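Shown next: structure-v4.cif, given as mmCIF, C-alpha atoms.
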data_work
loop_
_atom_site.label_atom_id
_atom_site.label_comp_id
_atom_site.auth_asym_id
_atom_site.auth_seq_id
_atom_site.Cartn_x
_atom_site.Cartn_y
_atom_site.Cartn_z
CA MET C 1 92.17 80.83 98.92
CA SER C 2 89.08 79.34 97.28
CA ARG C 3 87.61 82.73 96.32
CA ARG C 4 89.24 85.96 95.26
CA ILE C 5 88.60 88.56 97.95
CA VAL C 6 89.32 92.24 97.48
CA ILE C 7 89.34 95.30 99.70
CA SER C 8 86.82 97.75 98.27
CA GLY C 9 86.56 100.22 101.14
CA LEU C 10 89.05 101.91 103.48
CA GLY C 11 88.51 103.99 106.61
CA ALA C 12 90.99 105.16 109.24
CA VAL C 13 90.96 107.57 112.19
CA CYS C 14 94.09 108.53 114.14
CA PRO C 15 94.98 111.51 116.36
CA ARG C 16 96.68 113.37 113.49
CA ALA C 17 95.03 111.81 110.44
CA THR C 18 91.47 111.04 109.36
CA GLY C 19 90.99 109.02 106.20
CA PRO C 20 93.40 106.84 104.17
CA ALA C 21 94.84 109.75 102.18
CA ALA C 22 95.75 111.73 105.30
CA LEU C 23 97.14 108.59 106.95
CA TRP C 24 99.34 107.87 103.94
CA GLU C 25 100.55 111.48 103.79
CA ARG C 26 101.58 111.43 107.42
CA PHE C 27 103.29 108.05 107.09
CA SER C 28 105.12 108.92 103.89
CA GLN C 29 106.46 112.14 105.41
CA GLY C 30 107.81 110.26 108.41
CA ASP C 31 107.65 111.45 111.98
CA ALA C 32 106.23 114.99 111.95
CA GLY C 33 108.02 116.00 115.15
CA PRO C 34 107.40 115.17 118.79
CA PRO C 35 103.76 114.66 119.79
CA SER C 36 102.14 116.83 122.43
CA SER C 37 101.93 113.72 124.63
CA LEU C 38 103.32 110.20 124.68
CA ALA C 39 99.68 109.07 124.79
CA GLU C 40 97.74 110.64 121.90
CA ARG C 41 93.94 110.58 121.74
CA ILE C 42 91.70 111.10 118.72
CA PRO C 43 90.19 114.63 118.79
CA ASP C 44 86.49 114.67 119.63
CA ALA C 45 85.94 116.64 116.42
CA ALA C 46 86.60 113.43 114.46
CA PHE C 47 83.19 112.08 115.51
CA ALA C 48 81.37 115.32 116.26
CA LYS C 49 79.00 114.83 113.30
CA GLN C 50 77.50 111.65 114.71
CA SER C 51 73.81 111.79 115.55
CA ALA C 52 72.80 113.01 119.01
CA GLN C 53 70.89 109.74 119.34
CA LEU C 54 74.26 108.00 119.64
CA ARG C 55 75.40 110.02 122.65
CA HIS C 56 75.06 106.91 124.85
CA MET C 57 77.91 105.22 122.96
CA ASP C 58 81.28 105.01 124.67
CA ARG C 59 84.48 106.24 123.08
CA LEU C 60 85.36 102.83 121.62
CA GLY C 61 82.02 102.65 119.80
CA ARG C 62 82.34 106.20 118.52
CA ILE C 63 85.76 105.85 116.94
CA ALA C 64 84.94 102.40 115.54
CA LEU C 65 81.75 103.75 113.97
CA THR C 66 83.62 106.73 112.49
CA ALA C 67 86.14 104.48 110.72
CA THR C 68 83.38 102.10 109.60
CA THR C 69 81.34 104.91 108.06
CA LEU C 70 84.37 106.11 106.10
CA SER C 71 85.02 102.60 104.74
CA ILE C 72 81.38 102.00 103.73
CA GLU C 73 81.19 105.38 102.00
CA ASP C 74 84.39 104.49 100.13
CA ALA C 75 83.12 101.04 99.11
CA GLY C 76 79.73 102.15 97.87
CA PRO C 77 76.34 100.45 98.22
CA GLY C 78 75.96 96.78 99.07
CA ASN C 79 73.33 94.38 100.35
CA PRO C 80 72.99 95.02 104.12
CA LEU C 81 71.29 91.64 104.61
CA GLN C 82 74.47 89.96 103.35
CA THR C 83 77.01 92.26 105.01
CA GLY C 84 78.62 91.13 108.26
CA ILE C 85 80.99 92.68 110.80
CA ALA C 86 84.22 91.42 112.35
CA PHE C 87 85.52 93.66 115.13
CA GLY C 88 88.92 93.26 116.79
CA SER C 89 90.26 95.06 119.86
CA SER C 90 93.20 94.53 122.21
CA TYR C 91 91.62 96.01 125.32
CA GLY C 92 88.03 96.47 124.20
CA CYS C 93 85.79 98.24 126.68
CA LEU C 94 88.26 98.07 129.59
CA PRO C 95 88.35 101.89 129.97
CA THR C 96 84.54 101.92 130.10
CA ASN C 97 84.52 99.12 132.67
CA ALA C 98 86.85 101.18 134.84
CA GLU C 99 84.56 104.21 134.55
CA TYR C 100 81.53 102.17 135.57
CA LEU C 101 83.19 100.40 138.50
CA GLU C 102 84.84 103.56 139.78
CA ALA C 103 81.44 105.11 140.54
CA ILE C 104 80.33 101.96 142.36
CA LEU C 105 83.51 101.77 144.43
CA GLU C 106 83.28 105.43 145.39
CA ARG C 107 79.54 105.71 146.08
CA GLY C 108 78.05 102.22 146.27
CA GLY C 109 76.24 99.75 144.00
CA ARG C 110 73.16 101.93 143.58
CA TYR C 111 75.25 104.49 141.72
CA GLY C 112 76.31 102.32 138.81
CA ASN C 113 75.43 104.33 135.71
CA PRO C 114 73.09 102.26 133.45
CA VAL C 115 74.08 104.32 130.40
CA VAL C 116 77.73 103.41 130.96
CA PHE C 117 76.84 99.81 131.87
CA GLN C 118 75.49 99.01 128.40
CA ASN C 119 78.97 99.67 127.00
CA THR C 120 80.80 97.35 129.39
CA VAL C 121 80.86 94.51 126.85
CA THR C 122 83.20 94.83 123.89
CA ASN C 123 80.62 93.65 121.36
CA ALA C 124 78.52 96.75 122.14
CA ALA C 125 80.61 98.53 119.50
CA THR C 126 79.76 95.79 117.00
CA GLY C 127 76.07 96.21 117.81
CA TYR C 128 76.17 99.97 117.30
CA ILE C 129 77.82 99.55 113.90
CA SER C 130 75.23 96.96 112.91
CA MET C 131 72.29 99.15 113.94
CA VAL C 132 73.54 102.42 112.45
CA HIS C 133 74.34 100.87 109.06
CA ASP C 134 71.59 98.20 109.19
CA LEU C 135 74.08 95.36 108.64
CA ARG C 136 72.46 91.97 109.25
CA GLY C 137 75.09 89.45 108.25
CA PRO C 138 77.26 87.41 110.64
CA THR C 139 79.10 89.31 113.39
CA ALA C 140 82.05 88.51 115.62
CA THR C 141 84.06 90.38 118.24
CA LEU C 142 87.66 89.26 118.75
CA CYS C 143 89.85 90.30 121.69
CA SER C 144 93.15 88.56 121.02
CA GLY C 145 95.77 91.15 121.90
CA HIS C 146 97.66 93.22 119.37
CA ALA C 147 96.84 90.78 116.57
CA ALA C 148 93.06 91.18 116.96
CA GLY C 149 92.69 93.48 113.95
CA LEU C 150 94.33 91.07 111.52
CA GLU C 151 92.48 88.17 113.13
CA ALA C 152 89.23 89.99 112.36
CA LEU C 153 90.39 90.39 108.76
CA ARG C 154 91.10 86.68 108.54
CA PHE C 155 87.67 85.89 110.01
CA GLY C 156 86.04 88.21 107.47
CA CYS C 157 87.75 86.41 104.60
CA GLN C 158 86.60 83.05 105.97
CA GLN C 159 82.98 84.19 106.12
CA ILE C 160 83.07 85.23 102.45
CA GLU C 161 84.89 82.05 101.40
CA GLU C 162 82.29 79.90 103.17
CA GLY C 163 79.39 81.80 101.58
CA GLN C 164 78.14 83.16 104.91
CA ALA C 165 78.27 86.77 103.67
CA GLU C 166 78.70 88.71 100.44
CA ARG C 167 80.58 91.53 102.17
CA MET C 168 82.35 91.86 105.52
CA VAL C 169 83.18 95.08 107.31
CA VAL C 170 86.36 94.45 109.28
CA VAL C 171 87.09 96.90 112.11
CA GLY C 172 89.89 97.36 114.63
CA ALA C 173 89.87 99.96 117.43
CA ASP C 174 91.40 100.72 120.81
CA THR C 175 91.03 103.66 123.17
CA LEU C 176 93.24 104.97 125.97
CA SER C 177 92.60 105.83 129.60
CA PRO C 178 94.89 106.66 132.55
CA MET C 179 93.99 103.35 134.21
CA LEU C 180 94.83 101.38 131.08
CA LEU C 181 98.15 103.15 130.58
CA ALA C 182 99.09 102.58 134.21
CA GLY C 183 98.51 98.86 133.81
CA ILE C 184 100.49 98.32 130.59
CA ALA C 185 104.21 97.68 130.80
CA LEU C 186 105.61 99.98 128.12
CA PRO C 187 109.23 100.91 127.44
CA GLU C 188 110.18 104.37 128.66
CA GLY C 189 109.44 107.04 126.07
CA MET C 190 107.30 104.77 123.88
CA ARG C 191 104.40 106.54 122.17
CA VAL C 192 100.93 105.04 122.26
CA SER C 193 97.92 106.21 120.33
CA GLU C 194 94.21 105.68 119.94
CA ALA C 195 93.17 104.56 116.49
CA ALA C 196 90.35 102.94 114.55
CA CYS C 197 90.51 101.36 111.12
CA ALA C 198 87.93 99.65 108.92
CA LEU C 199 88.05 97.68 105.67
CA VAL C 200 85.26 96.43 103.43
CA LEU C 201 85.93 92.98 101.98
CA GLU C 202 83.99 91.37 99.15
CA GLU C 203 84.37 88.80 96.43
CA HIS C 204 86.26 90.08 93.40
CA THR C 205 83.51 89.33 90.88
CA ARG C 206 80.87 91.22 92.90
CA ALA C 207 83.14 94.26 93.24
CA LEU C 208 83.93 94.11 89.52
CA THR C 209 80.26 93.80 88.55
CA ARG C 210 79.20 96.89 90.47
CA GLY C 211 82.23 98.89 89.35
CA ALA C 212 83.76 99.24 92.81
CA HIS C 213 87.34 100.32 93.25
CA ARG C 214 89.56 97.39 94.25
CA HIS C 215 92.26 98.80 96.51
CA ALA C 216 94.01 95.44 96.85
CA GLU C 217 93.39 91.71 96.82
CA VAL C 218 93.85 89.51 99.87
CA LEU C 219 95.86 86.59 98.53
CA GLY C 220 96.38 84.69 101.77
CA THR C 221 96.29 84.83 105.55
CA GLY C 222 98.08 82.85 108.25
CA HIS C 223 97.31 82.47 111.95
CA ARG C 224 99.44 80.50 114.39
CA GLY C 225 99.76 80.15 118.14
CA GLY C 226 102.73 78.98 120.13
CA SER C 227 104.93 79.32 123.16
CA LEU C 228 105.63 82.77 124.58
CA THR C 229 109.31 81.89 124.50
CA ASN C 230 109.32 81.06 120.78
CA GLN C 231 107.21 83.73 119.09
CA ALA C 232 109.72 84.20 116.28
CA HIS C 233 109.04 80.65 115.08
CA THR C 234 105.28 81.17 115.54
CA LEU C 235 105.43 84.24 113.31
CA ALA C 236 107.51 82.38 110.72
CA ARG C 237 104.87 79.64 110.54
CA ALA C 238 102.07 82.21 110.08
CA VAL C 239 104.03 83.93 107.29
CA ARG C 240 104.66 80.63 105.52
CA ASP C 241 100.97 79.73 105.77
CA ALA C 242 99.94 83.07 104.26
CA MET C 243 102.43 82.74 101.39
CA HIS C 244 101.33 79.13 100.76
CA LEU C 245 97.70 80.23 100.40
CA ALA C 246 98.81 83.12 98.20
CA ARG C 247 100.86 80.72 96.05
CA ILE C 248 103.89 82.97 96.06
CA GLU C 249 107.56 82.59 96.89
CA PRO C 250 109.45 84.97 99.20
CA GLU C 251 111.16 86.59 96.21
CA GLN C 252 107.78 87.80 94.95
CA LEU C 253 107.25 90.02 97.99
CA GLY C 254 107.99 93.64 97.18
CA ALA C 255 107.46 95.05 100.69
CA VAL C 256 106.91 94.04 104.31
CA PHE C 257 104.89 96.09 106.79
CA SER C 258 106.21 94.97 110.14
CA CYS C 259 104.67 94.93 113.63
CA ALA C 260 107.98 96.05 115.16
CA SER C 261 107.16 98.61 117.82
CA GLY C 262 110.27 99.74 119.63
CA ARG C 263 109.96 96.97 122.21
CA GLY C 264 113.10 94.90 122.16
CA ASP C 265 111.29 91.58 122.56
CA PHE C 266 108.76 92.24 119.76
CA ASN C 267 111.45 93.59 117.45
CA GLY C 268 113.68 90.58 118.00
CA TRP C 269 110.84 88.12 117.39
CA GLU C 270 109.85 89.98 114.24
CA GLN C 271 113.37 90.05 112.81
CA ARG C 272 114.10 86.40 113.51
CA GLY C 273 110.65 85.30 112.33
CA LEU C 274 110.98 87.11 109.00
CA HIS C 275 114.45 85.69 108.41
CA GLU C 276 113.21 82.17 109.19
CA ALA C 277 110.23 82.50 106.83
CA LEU C 278 111.76 84.49 103.98
CA GLY C 279 115.32 83.20 104.02
CA ALA C 280 117.84 85.28 102.10
CA HIS C 281 115.08 87.54 100.73
CA ALA C 282 114.51 88.94 104.24
CA ALA C 283 117.71 90.96 103.87
CA LYS C 284 116.64 92.34 100.48
CA VAL C 285 112.94 93.20 100.79
CA PRO C 286 112.11 96.75 102.04
CA VAL C 287 110.63 96.63 105.54
CA SER C 288 108.46 99.46 106.91
CA CYS C 289 107.45 99.88 110.55
CA PRO C 290 104.29 102.04 110.72
CA LYS C 291 104.51 102.24 114.52
CA ASP C 292 107.69 104.30 114.15
CA VAL C 293 105.46 107.12 112.84
CA LEU C 294 102.01 106.35 114.23
CA GLY C 295 103.01 105.03 117.65
CA GLU C 296 101.75 101.82 119.25
CA THR C 297 98.10 101.46 118.22
CA PHE C 298 97.58 97.93 119.61
CA SER C 299 94.99 95.88 117.68
CA THR C 300 94.63 98.59 115.04
CA ALA C 301 98.29 98.47 114.03
CA GLY C 302 97.93 95.57 111.60
CA MET C 303 94.83 97.10 110.03
CA LEU C 304 96.54 100.46 109.55
CA ALA C 305 99.46 98.63 107.95
CA VAL C 306 97.02 97.02 105.49
CA VAL C 307 95.68 100.47 104.54
CA LEU C 308 99.22 101.77 104.05
CA ALA C 309 100.13 98.71 101.99
CA THR C 310 97.17 99.30 99.65
CA ARG C 311 98.40 102.85 99.09
CA ALA C 312 102.00 101.75 98.53
CA LEU C 313 101.34 98.84 96.18
CA ASP C 314 101.03 99.12 92.43
CA LYS C 315 100.73 95.55 91.21
CA GLY C 316 103.24 93.83 93.46
CA CYS C 317 102.74 91.82 96.66
CA ALA C 318 103.21 92.91 100.25
CA LEU C 319 103.27 91.13 103.59
CA VAL C 320 101.67 92.53 106.75
CA THR C 321 102.43 90.98 110.15
CA ALA C 322 101.16 91.24 113.72
CA LEU C 323 102.18 89.61 116.99
CA GLY C 324 99.48 89.33 119.62
CA GLY C 325 101.87 89.39 122.55
CA GLU C 326 100.31 86.32 124.17
CA GLY C 327 101.59 83.70 121.74
CA SER C 328 99.58 84.36 118.57
CA ALA C 329 100.88 85.61 115.25
CA LEU C 330 99.04 86.78 112.10
CA ALA C 331 100.25 87.37 108.57
CA VAL C 332 98.44 88.70 105.49
CA VAL C 333 99.64 88.75 101.88
CA LEU C 334 98.17 91.48 99.66
CA ARG C 335 98.43 92.22 95.96
CA GLY C 336 97.90 95.71 94.62
CA GLY C 337 95.95 96.77 91.57
CA ALA C 338 92.74 95.40 90.11
CA HIS C 339 94.18 92.25 88.42
CA ASP C 340 90.98 91.46 86.57
#
As structure tokens, how would this structure be written, given the file I've shared?
Amino acid sequence: MSRRIVISGLGAVCPRATGPAALWERFSQGDAGPPSSLAERIPDAAFAKQSAQLRHMDRLGRIALTATTLSIEDAGPGNPLQTGIAFGSSYGCLPTNAEYLEAILERGGRYGNPVVFQNTVTNAATGYISMVHDLRGPTATLCSGHAAGLEALRFGCQQIEEGQAERMVVVGADTLSPMLLAGIALPEGMRVSEAACALVLEEHTRALTRGAHRHAEVLGTGHRGGSLTNQAHTLARAVRDAMHLARIEPEQLGAVFSCASGRGDFNGWEQRGLHEALGAHAAKVPVSCPKDVLGETFSTAGMLAVVLATRALDKGCALVTALGGEGSALAVVLRGGAHD
């Protein structure tokens, strides 16, 4: 990468953890027993402190804003005119769309709720974040399946590298609804969960100058697309690209945070892809699967894995992966510590 980019702010909201420290505690303790439901939602108390003026926001906007606020508070002050937003979501505002259309189907077109209607585009969440925190840099909303969170991270790095922004707030979020769950083909007994995660990215020298904490450095990212029947090879290519940009060899990876989810197809692609990319080191490097503890969190999974990697790393390197499910694959290489 042409510029050194660090993560200076972390924010995460899950059904049983709010904040990076709570998320790490839950993950490090392993599965804390069976959940109350196979589909866990974030408690409303997690965003109860938001201003009453924001009551028109839908659930996606609320949880995304909560995670963003945590990350900005962690990162400290920056120039809002030079701070952008990259938001990734698997299903975006689909639950809100269903709510809006349900009223029309039941009662007629005159009964479409205009308050709900304004949230029927996924970039509404991006707009709310921009307005609340007065962020006026470049913005993008990415809906690319389960890899959308890491794709947003990659986009954020590109904006900083190209000089389009000094800082980028990278956000991933997905919400649940009965309609959404009914339409997703999930293995029997698989847990799914709402989640939102946000990272603040900035150039290393700027973070160092203002005395910000550098949780980790993004050494390289990789993004590939390919055939649905050959996603293992697609993932391997993304991993190789990320390691090439990071200028590291497989043996320098101290940990892998995998996108394996309990689905046989995803798990098989992940295993074969890692072995193709890492060679013999794939059998030696410790591999963690955050979804085993947190459940399937869709686009947020890769972002949560980045937060966990920053907590786990000292000064070594870690690889985070994500498969989009529609042919795309993302990989990110991180290095822990300040490394001034």
Chain and number of each residue from the PyMOL selection byres ((chain C and resi 233) around 9), as an MDAnalysis selection string: chainID C and resid 226 230:232 234:238 269 272:273 276:277
Answer key for the PyMOL selection byres ((chain C and resi 8) around 7), residues as a list in words: Val6, Ile7, Gly9, Ala75, Val200, Leu201, Ala212, His213, Arg214 and His215 of chain C
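In terms of minimum interatomic distance to C:Gln159, C:Gly84 ranks closest within C:Gly336, C:Pro187, C:Pro77, C:Gly84, counting only C-alpha atoms.
Note that the spacing between atom CA of C:Ala207 and atom CA of C:Leu253 amounts to 24.9 Å.
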Explicit residues for the PyMOL selection byres ((chain C and resi 298) around 7) (as a ChimeraX atom specification): /C:90,146,174,296-297,299-301
Distance of atom CA of C:Glu99 from atom CA of C:Phe87, expressed in Å to one decimal place: 22.1 Å
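Between atom CA of C:Ala12 and atom CA of C:Ala67 the interatomic distance comes to 5.1 Å.
Nearest-residue note for C:Asp74: choosing from C:Ala331, C:Ala98, C:Ala124, C:Gly11, the minimum distance belongs to C:Gly11, counting all atoms listed in the file.
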